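Below: my_file_26.txt (compact mmCIF, C-alpha atoms and all ligand atoms)
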# COMPACT_ATOMS: atom_id res chain seq x y z
CA MET A 123 12.61 35.52 -0.87
CA PRO A 124 11.83 32.64 -3.30
CA GLN A 125 8.96 33.05 -5.74
CA HIS A 126 6.30 30.39 -6.30
CA THR A 127 3.88 30.21 -9.21
CA PHE A 128 0.78 28.07 -9.58
CA LYS A 129 -2.83 28.28 -10.73
CA LEU A 130 -5.36 29.25 -8.09
CA ASN A 131 -9.07 29.19 -8.94
CA GLY A 132 -8.28 29.54 -12.62
CA GLU A 133 -5.79 32.41 -12.34
CA GLN A 134 -2.02 32.18 -12.50
CA VAL A 135 -0.57 33.54 -9.23
CA THR A 136 2.98 34.25 -8.11
CA VAL A 137 3.85 34.74 -4.46
CA GLU A 138 7.01 35.39 -2.51
CA ALA A 139 7.30 33.00 0.42
CA PRO A 140 9.84 30.80 2.17
CA ASP A 141 10.10 27.35 0.53
CA ASP A 142 8.92 25.59 3.68
CA LEU A 143 5.83 27.74 4.27
CA ARG A 144 2.79 25.49 4.08
CA LEU A 145 0.43 26.23 1.23
CA LEU A 146 -2.50 26.85 3.60
CA TRP A 147 -0.80 29.98 4.96
CA VAL A 148 0.15 31.12 1.48
CA ILE A 149 -3.51 30.89 0.47
CA ARG A 150 -4.91 32.43 3.65
CA ASP A 151 -2.33 34.97 4.81
CA ILE A 152 -0.51 36.03 1.62
CA ILE A 153 -3.28 35.68 -0.99
CA GLY A 154 -6.12 36.40 1.42
CA LEU A 155 -8.56 33.57 0.61
CA THR A 156 -9.91 32.39 3.96
CA GLY A 157 -12.35 29.70 2.77
CA PRO A 158 -9.88 26.90 3.58
CA LYS A 159 -9.89 26.75 7.37
CA TYR A 160 -7.04 26.10 9.80
CA GLY A 161 -7.97 23.38 12.25
CA CYS A 162 -5.03 21.18 13.19
CA GLY A 163 -2.25 22.07 10.76
CA LEU A 164 -1.32 18.38 10.83
CA ASP A 165 -3.27 16.78 7.95
CA VAL A 166 -5.78 15.29 10.41
CA CYS A 167 -8.96 17.37 10.74
CA LYS A 168 -9.36 18.17 7.01
CA ALA A 169 -10.81 21.63 7.70
CA CYS A 170 -8.40 23.01 5.09
CA THR A 171 -9.38 20.59 2.28
CA CYS A 172 -8.92 22.04 -1.22
CA HIS A 173 -8.35 20.43 -4.62
CA ILE A 174 -5.07 19.97 -6.45
CA ASN A 175 -5.64 19.03 -10.09
CA GLY A 176 -9.19 18.00 -9.18
CA LYS A 177 -8.32 15.79 -6.23
CA ALA A 178 -8.77 16.52 -2.53
CA PHE A 179 -5.66 17.45 -0.54
CA ASN A 180 -4.81 19.28 2.64
CA PRO A 181 -2.68 22.39 2.04
CA CYS A 182 -1.70 22.64 5.73
CA ALA A 183 0.57 19.67 5.08
CA VAL A 184 2.22 20.78 1.81
CA PRO A 185 5.17 23.22 1.62
CA VAL A 186 4.59 25.78 -1.12
CA SER A 187 7.84 24.68 -2.80
CA LYS A 188 6.20 21.33 -3.63
CA ILE A 189 3.56 23.00 -5.81
CA ASP A 190 4.49 23.13 -9.52
CA PRO A 191 3.65 26.05 -11.84
CA THR A 192 1.28 23.75 -13.75
CA ASP A 193 -0.60 22.62 -10.62
CA GLU A 194 -4.19 23.84 -10.38
CA ILE A 195 -5.36 24.57 -6.87
CA THR A 196 -9.07 25.12 -6.24
CA THR A 197 -10.48 26.49 -3.01
CA ILE A 198 -14.14 26.87 -2.04
CA GLU A 199 -13.94 30.39 -3.49
CA GLY A 200 -13.29 28.89 -6.93
CA LEU A 201 -16.29 26.55 -7.10
CA ALA A 202 -18.97 28.88 -8.43
CA ASP A 203 -19.27 29.23 -12.21
CA ARG A 204 -16.90 32.01 -13.29
CA GLU A 205 -19.21 33.32 -15.99
CA THR A 206 -22.60 33.18 -14.31
CA GLY A 207 -21.73 33.09 -10.61
CA ALA A 208 -23.99 30.02 -10.25
CA LEU A 209 -23.09 27.92 -7.24
CA HIS A 210 -21.72 24.40 -7.66
CA PRO A 211 -24.42 21.69 -7.26
CA MET A 212 -22.70 20.60 -4.03
CA GLN A 213 -23.03 24.12 -2.61
CA GLU A 214 -26.71 24.22 -3.64
CA ALA A 215 -27.31 20.87 -1.96
CA TRP A 216 -25.67 22.20 1.22
CA LEU A 217 -28.18 25.04 1.25
CA ASP A 218 -31.14 22.78 0.39
CA HIS A 219 -30.29 20.42 3.25
CA ASP A 220 -29.37 23.26 5.63
CA VAL A 221 -26.17 21.36 6.43
CA ALA A 222 -24.00 23.94 8.17
CA GLN A 223 -24.15 24.48 11.90
CA CYS A 224 -21.22 26.65 13.10
CA GLY A 225 -19.90 26.35 9.54
CA TYR A 226 -16.21 26.06 10.36
CA CYS A 227 -15.62 22.64 8.81
CA GLN A 228 -18.01 23.12 5.91
CA PRO A 229 -15.76 24.50 3.14
CA GLY A 230 -13.49 21.50 3.64
CA GLN A 231 -16.48 19.14 3.75
CA ILE A 232 -17.81 20.48 0.45
CA MET A 233 -14.41 20.19 -1.25
CA ALA A 234 -13.96 16.64 0.07
CA ALA A 235 -17.48 15.72 -1.07
CA ILE A 236 -16.93 16.90 -4.66
CA ALA A 237 -13.63 15.05 -4.90
CA LYS A 238 -15.24 11.89 -3.52
CA VAL A 239 -18.05 11.97 -6.10
CA ARG A 240 -15.45 12.43 -8.88
CA GLN A 241 -13.35 9.58 -7.48
CA ALA A 242 -16.34 7.20 -7.48
CA ARG A 243 -17.24 8.22 -11.06
CA ALA A 244 -13.65 7.66 -12.20
CA ALA A 245 -13.95 4.16 -10.74
CA GLY A 246 -17.11 3.65 -12.82
CA ARG A 247 -19.78 3.87 -10.11
CA GLU A 248 -22.10 6.28 -8.35
CA ILE A 249 -21.19 7.36 -4.83
CA GLY A 250 -22.37 4.95 -2.11
CA ASP A 251 -22.18 4.56 1.64
CA ALA A 252 -18.76 2.87 1.44
CA ASP A 253 -17.38 5.97 -0.35
CA LEU A 254 -18.99 8.30 2.18
CA ASP A 255 -17.42 6.28 5.00
CA GLU A 256 -14.01 7.20 3.56
CA ILE A 257 -14.53 10.94 4.07
CA ARG A 258 -12.51 11.77 7.17
CA ASN A 259 -13.35 15.47 7.59
CA ILE A 260 -14.15 16.18 11.22
CA CYS A 261 -17.26 18.17 12.16
CA ARG A 262 -17.31 19.09 15.82
CA CYS A 263 -20.99 20.09 15.45
CA GLY A 264 -21.90 16.61 14.24
CA THR A 265 -23.60 17.50 10.96
CA TYR A 266 -22.65 14.16 9.41
CA VAL A 267 -26.18 12.93 8.66
CA ARG A 268 -27.07 16.08 6.69
CA ILE A 269 -23.67 16.02 4.95
CA ARG A 270 -24.33 12.51 3.64
CA GLU A 271 -27.83 13.40 2.43
CA ALA A 272 -26.53 16.52 0.68
CA ILE A 273 -23.71 14.65 -1.08
CA LYS A 274 -26.08 12.00 -2.41
CA SER A 275 -28.51 14.58 -3.78
CA ALA A 276 -25.73 16.73 -5.29
CA ALA A 277 -24.12 13.72 -6.96
CA ALA A 278 -27.27 13.26 -9.03
CA LYS A 279 -26.77 16.78 -10.46
CA MET A 280 -23.02 16.67 -11.07
S1 LIG B 301 -5.90 22.13 9.13
FE1 LIG B 301 -5.35 20.93 7.42
S2 LIG B 301 -5.96 18.93 8.01
FE2 LIG B 301 -6.39 20.11 9.80
S1 LIG B 302 -20.50 22.76 11.29
FE1 LIG B 302 -19.41 23.24 13.08
S2 LIG B 302 -17.56 22.09 12.87
FE2 LIG B 302 -18.82 21.35 11.29

The structure in this file should be written as structure tokens.
Amino acid sequence: MPQHTFKLNGEQVTVEAPDDLRLLWVIRDIIGLTGPKYGCGLDVCKACTCHINGKAFNPCAVPVSKIDPTDEITTIEGLADRETGALHPMQEAWLDHDVAQCGYCQPGQIMAAIAKVRQARAAGREIGDADLDEIRNICRCGTYVRIREAIKSAAAKM
């Protein structure tokens, strides 16, 4: 079985998996991190959203063989401060605004939100409604209004 090495939440990991196995199942079934959720498996619902090198991506759509040893993957499990355990400001904002309903989509929503704030900053602006409109993560519970409020308040602390 081929071996694959990459960085996951700050640690170098090596797994044995078929080249065409999608990264989401490597993370969930082989490594055992179940924060990234399986919704569609087709790069549509965004329930599985994680970060690769700081940017949002959907590991259900990426074969593990496409991940390089130098790639840094971050899941919701890797957001809290490693030293202190303090939650990321986006996670705190989620709690403050009581965003989650069933919770299924929420890890992906939080990961997408952080990446979107970073993307706006890299473009030299604070996050606005036009940026929020670009977030495509589906929430079947319809928590969108609270999600937008939480992202705006977290952005001020990031
Ligand atoms: S499970 Fe990855 S986008 Fe739906
Ligand atoms: S909180 Fe239920 S799917 Fe979003």

Write out as a Markdown table the residues of stretch 151-218 of chain A that have any atom within 8 Å of an atom of stretch 228-252 of chain A, one row each with the nearest atom pair and its distance in Å to one decimal, counting all atoms listed in the file, sorted by chain and then rising number.
| residue | atom | partner | partner_atom | distance |
| --- | --- | --- | --- | --- |
| A:Gly157 | CA | A:Pro229 | CA | 6.2 |
| A:Pro158 | CA | A:Pro229 | CA | 6.4 |
| A:Lys159 | CA | A:Gly230 | CA | 7.4 |
| A:Lys168 | CA | A:Gly230 | CA | 6.3 |
| A:Ala169 | CA | A:Gly230 | CA | 4.9 |
| A:Cys170 | CA | A:Gly230 | CA | 5.5 |
| A:Thr171 | CA | A:Gly230 | CA | 4.4 |
| A:Cys172 | CA | A:Met233 | CA | 5.8 |
| A:His173 | CA | A:Met233 | CA | 6.9 |
| A:Gly176 | CA | A:Ala237 | CA | 6.8 |
| A:Lys177 | CA | A:Ala237 | CA | 5.5 |
| A:Ala178 | CA | A:Ala237 | CA | 5.6 |
| A:Thr197 | CA | A:Met233 | CA | 7.6 |
| A:Ile198 | CA | A:Pro229 | CA | 5.9 |
| A:Met212 | CA | A:Ile232 | CA | 6.6 |
| A:Gln213 | CA | A:Ile232 | CA | 7.1 |

Which residues of chain A sit at most 10 Å from ligand LIG 302 (chain B), using only C-alpha atoms and all ligand atoms? Give each one's shortest atom pair and distance in Å (one decimal place), in chain and ascending residue order, as JSON lines.
{"residue": "A:Gly161", "atom": "CA", "partner": "B:LIG302", "partner_atom": "S2", "distance": 9.7}
{"residue": "A:Ala169", "atom": "CA", "partner": "B:LIG302", "partner_atom": "S2", "distance": 8.5}
{"residue": "A:Val221", "atom": "CA", "partner": "B:LIG302", "partner_atom": "S1", "distance": 7.6}
{"residue": "A:Ala222", "atom": "CA", "partner": "B:LIG302", "partner_atom": "S1", "distance": 4.8}
{"residue": "A:Gln223", "atom": "CA", "partner": "B:LIG302", "partner_atom": "S1", "distance": 4.1}
{"residue": "A:Cys224", "atom": "CA", "partner": "B:LIG302", "partner_atom": "FE1", "distance": 3.9}
{"residue": "A:Gly225", "atom": "CA", "partner": "B:LIG302", "partner_atom": "S1", "distance": 4.0}
{"residue": "A:Tyr226", "atom": "CA", "partner": "B:LIG302", "partner_atom": "S2", "distance": 4.9}
{"residue": "A:Cys227", "atom": "CA", "partner": "B:LIG302", "partner_atom": "FE2", "distance": 4.2}
{"residue": "A:Gln228", "atom": "CA", "partner": "B:LIG302", "partner_atom": "FE2", "distance": 5.7}
{"residue": "A:Pro229", "atom": "CA", "partner": "B:LIG302", "partner_atom": "FE2", "distance": 9.3}
{"residue": "A:Gly230", "atom": "CA", "partner": "B:LIG302", "partner_atom": "FE2", "distance": 9.3}
{"residue": "A:Gln231", "atom": "CA", "partner": "B:LIG302", "partner_atom": "FE2", "distance": 8.2}
{"residue": "A:Asn259", "atom": "CA", "partner": "B:LIG302", "partner_atom": "FE2", "distance": 8.8}
{"residue": "A:Ile260", "atom": "CA", "partner": "B:LIG302", "partner_atom": "FE2", "distance": 7.0}
{"residue": "A:Cys261", "atom": "CA", "partner": "B:LIG302", "partner_atom": "FE2", "distance": 3.6}
{"residue": "A:Arg262", "atom": "CA", "partner": "B:LIG302", "partner_atom": "S2", "distance": 4.2}
{"residue": "A:Cys263", "atom": "CA", "partner": "B:LIG302", "partner_atom": "FE1", "distance": 4.2}
{"residue": "A:Gly264", "atom": "CA", "partner": "B:LIG302", "partner_atom": "FE2", "distance": 6.4}
{"residue": "A:Thr265", "atom": "CA", "partner": "B:LIG302", "partner_atom": "S1", "distance": 6.1}
{"residue": "A:Tyr266", "atom": "CA", "partner": "B:LIG302", "partner_atom": "FE2", "distance": 8.4}
{"residue": "A:Ile269", "atom": "CA", "partner": "B:LIG302", "partner_atom": "FE2", "distance": 9.6}

Filtering to C-alpha atoms, could you give me those residues as a PDB file, in the coordinates of the input?
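Everything below was put into selection24.pdb:
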ATOM      1  CA  GLY A 161      -7.970  23.380  12.250  1.00  0.00           C
ATOM      2  CA  ALA A 169     -10.810  21.630   7.700  1.00  0.00           C
ATOM      3  CA  VAL A 221     -26.170  21.360   6.430  1.00  0.00           C
ATOM      4  CA  ALA A 222     -24.000  23.940   8.170  1.00  0.00           C
ATOM      5  CA  GLN A 223     -24.150  24.480  11.900  1.00  0.00           C
ATOM      6  CA  CYS A 224     -21.220  26.650  13.100  1.00  0.00           C
ATOM      7  CA  GLY A 225     -19.900  26.350   9.540  1.00  0.00           C
ATOM      8  CA  TYR A 226     -16.210  26.060  10.360  1.00  0.00           C
ATOM      9  CA  CYS A 227     -15.620  22.640   8.810  1.00  0.00           C
ATOM     10  CA  GLN A 228     -18.010  23.120   5.910  1.00  0.00           C
ATOM     11  CA  PRO A 229     -15.760  24.500   3.140  1.00  0.00           C
ATOM     12  CA  GLY A 230     -13.490  21.500   3.640  1.00  0.00           C
ATOM     13  CA  GLN A 231     -16.480  19.140   3.750  1.00  0.00           C
ATOM     14  CA  ASN A 259     -13.350  15.470   7.590  1.00  0.00           C
ATOM     15  CA  ILE A 260     -14.150  16.180  11.220  1.00  0.00           C
ATOM     16  CA  CYS A 261     -17.260  18.170  12.160  1.00  0.00           C
ATOM     17  CA  ARG A 262     -17.310  19.090  15.820  1.00  0.00           C
ATOM     18  CA  CYS A 263     -20.990  20.090  15.450  1.00  0.00           C
ATOM     19  CA  GLY A 264     -21.900  16.610  14.240  1.00  0.00           C
ATOM     20  CA  THR A 265     -23.600  17.500  10.960  1.00  0.00           C
ATOM     21  CA  TYR A 266     -22.650  14.160   9.410  1.00  0.00           C
ATOM     22  CA  ILE A 269     -23.670  16.020   4.950  1.00  0.00           C
TER      23      ILE A 269
END

Coordinates of box centre and edge lengths for ligand LIG 301 (chain B), 6 Å on every side, axis-aligned, as AutoDock Vina command-line options:
--center_x -5.9 --center_y 20.5 --center_z 8.6 --size_x 13.0 --size_y 15.2 --size_z 14.4

Point-to-point distance in Å for atom CA of A:Val166 and atom CA of A:Ile152: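 One can read the atom CA of A:Ile152 to atom CA of A:Val166 distance as 23.1 Å.
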
Distance criterion (all atoms listed in the file): nearest to ligand LIG 301 (chain B) out of A:Asp165, A:Glu205, A:Glu138, A:Glu271: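 Using all atoms listed in the file, ligand LIG 301 (chain B) sits closest to A:Asp165.
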
Within 6 Å of file point (-4.2, 19.5, 8.2), counting all atoms listed in the file, expressed as a list in words: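 Neighbouring residues, ordered by chain and number, come to Cys162, Gly163, Leu164, Asp165, Val166, Cys167, Lys168, Asn180, Cys182 and Ala183 of chain A.
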
Written file, previous selection with C-alpha atoms, as a PDB file, in the coordinates of the input:
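Heads up, here's the output in result-v5.pdb:
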ATOM      1  CA  CYS A 162      -5.030  21.180  13.190  1.00  0.00           C
ATOM      2  CA  GLY A 163      -2.250  22.070  10.760  1.00  0.00           C
ATOM      3  CA  LEU A 164      -1.320  18.380  10.830  1.00  0.00           C
ATOM      4  CA  ASP A 165      -3.270  16.780   7.950  1.00  0.00           C
ATOM      5  CA  VAL A 166      -5.780  15.290  10.410  1.00  0.00           C
ATOM      6  CA  CYS A 167      -8.960  17.370  10.740  1.00  0.00           C
ATOM      7  CA  LYS A 168      -9.360  18.170   7.010  1.00  0.00           C
ATOM      8  CA  ASN A 180      -4.810  19.280   2.640  1.00  0.00           C
ATOM      9  CA  CYS A 182      -1.700  22.640   5.730  1.00  0.00           C
ATOM     10  CA  ALA A 183       0.570  19.670   5.080  1.00  0.00           C
TER      11      ALA A 183
END

A:Leu155, A:Ala215, A:Ile149, A:Leu254 ranked by distance to A:Ala272, top pick (using only C-alpha atoms):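 When distances to A:Ala272 are compared using only C-alpha atoms, the smallest one comes from A:Ala215.
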
Close residues, A:Ser275 itself excluded, 10 Å, only C-alpha atoms, min 6 positions apart in chain, as a VMD selection string: chain A and resid 211 to 212 214 to 216 218 to 219

Interatomic distance (Å, one decimal) between atom CA of A:Leu146 and atom CA of A:Tyr160: 7.7 Å

Within 8 Å of A:Thr127 using all atoms listed in the file, minus same-chain residues under 2 positions, as a ChimeraX atom specification: /A:125,129,134-137,189-191

Nearest residue to ligand LIG 301 (chain B) from the set A:Ala208, A:Ala202, A:Ile273, A:Val184 (distances using all atoms listed in the file):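 Of A:Ala208, A:Ala202, A:Ile273, A:Val184, the one nearest ligand LIG 301 (chain B) is A:Val184, counting all atoms listed in the file.
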
Which neighbours of A:Arg144 fall inside 9 Å, counting all atoms listed in the file, when residues of the same chain fewer than 3 positions from it are skipped, and could you give them as a PDB file with C-alpha atoms, in the frame of the given file?
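Saved result, selection.pdb, follows:
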ATOM      1  CA  ASP A 141      10.100  27.350   0.530  1.00  0.00           C
ATOM      2  CA  TRP A 147      -0.800  29.980   4.960  1.00  0.00           C
ATOM      3  CA  VAL A 148       0.150  31.120   1.480  1.00  0.00           C
ATOM      4  CA  PRO A 181      -2.680  22.390   2.040  1.00  0.00           C
ATOM      5  CA  CYS A 182      -1.700  22.640   5.730  1.00  0.00           C
ATOM      6  CA  ALA A 183       0.570  19.670   5.080  1.00  0.00           C
ATOM      7  CA  VAL A 184       2.220  20.780   1.810  1.00  0.00           C
ATOM      8  CA  PRO A 185       5.170  23.220   1.620  1.00  0.00           C
ATOM      9  CA  VAL A 186       4.590  25.780  -1.120  1.00  0.00           C
ATOM     10  CA  SER A 187       7.840  24.680  -2.800  1.00  0.00           C
TER      11      SER A 187
END

Residue among A:Thr196, A:Lys279, A:Leu143, A:Leu130 lying closest to A:His210, counting only C-alpha atoms: A:Lys279

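Considering only C-alpha atoms, the residue among A:Arg270, A:Asp151, A:Asn131, A:Gly207 positioned nearest to A:Glu256 is A:Arg270.
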
Counting only C-alpha atoms and all ligand atoms, the option among A:Ala139, A:Met123, A:Leu145, A:Ile195 closest to ligand LIG 301 (chain B):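 Using only C-alpha atoms and all ligand atoms, ligand LIG 301 (chain B) sits closest to A:Leu145.
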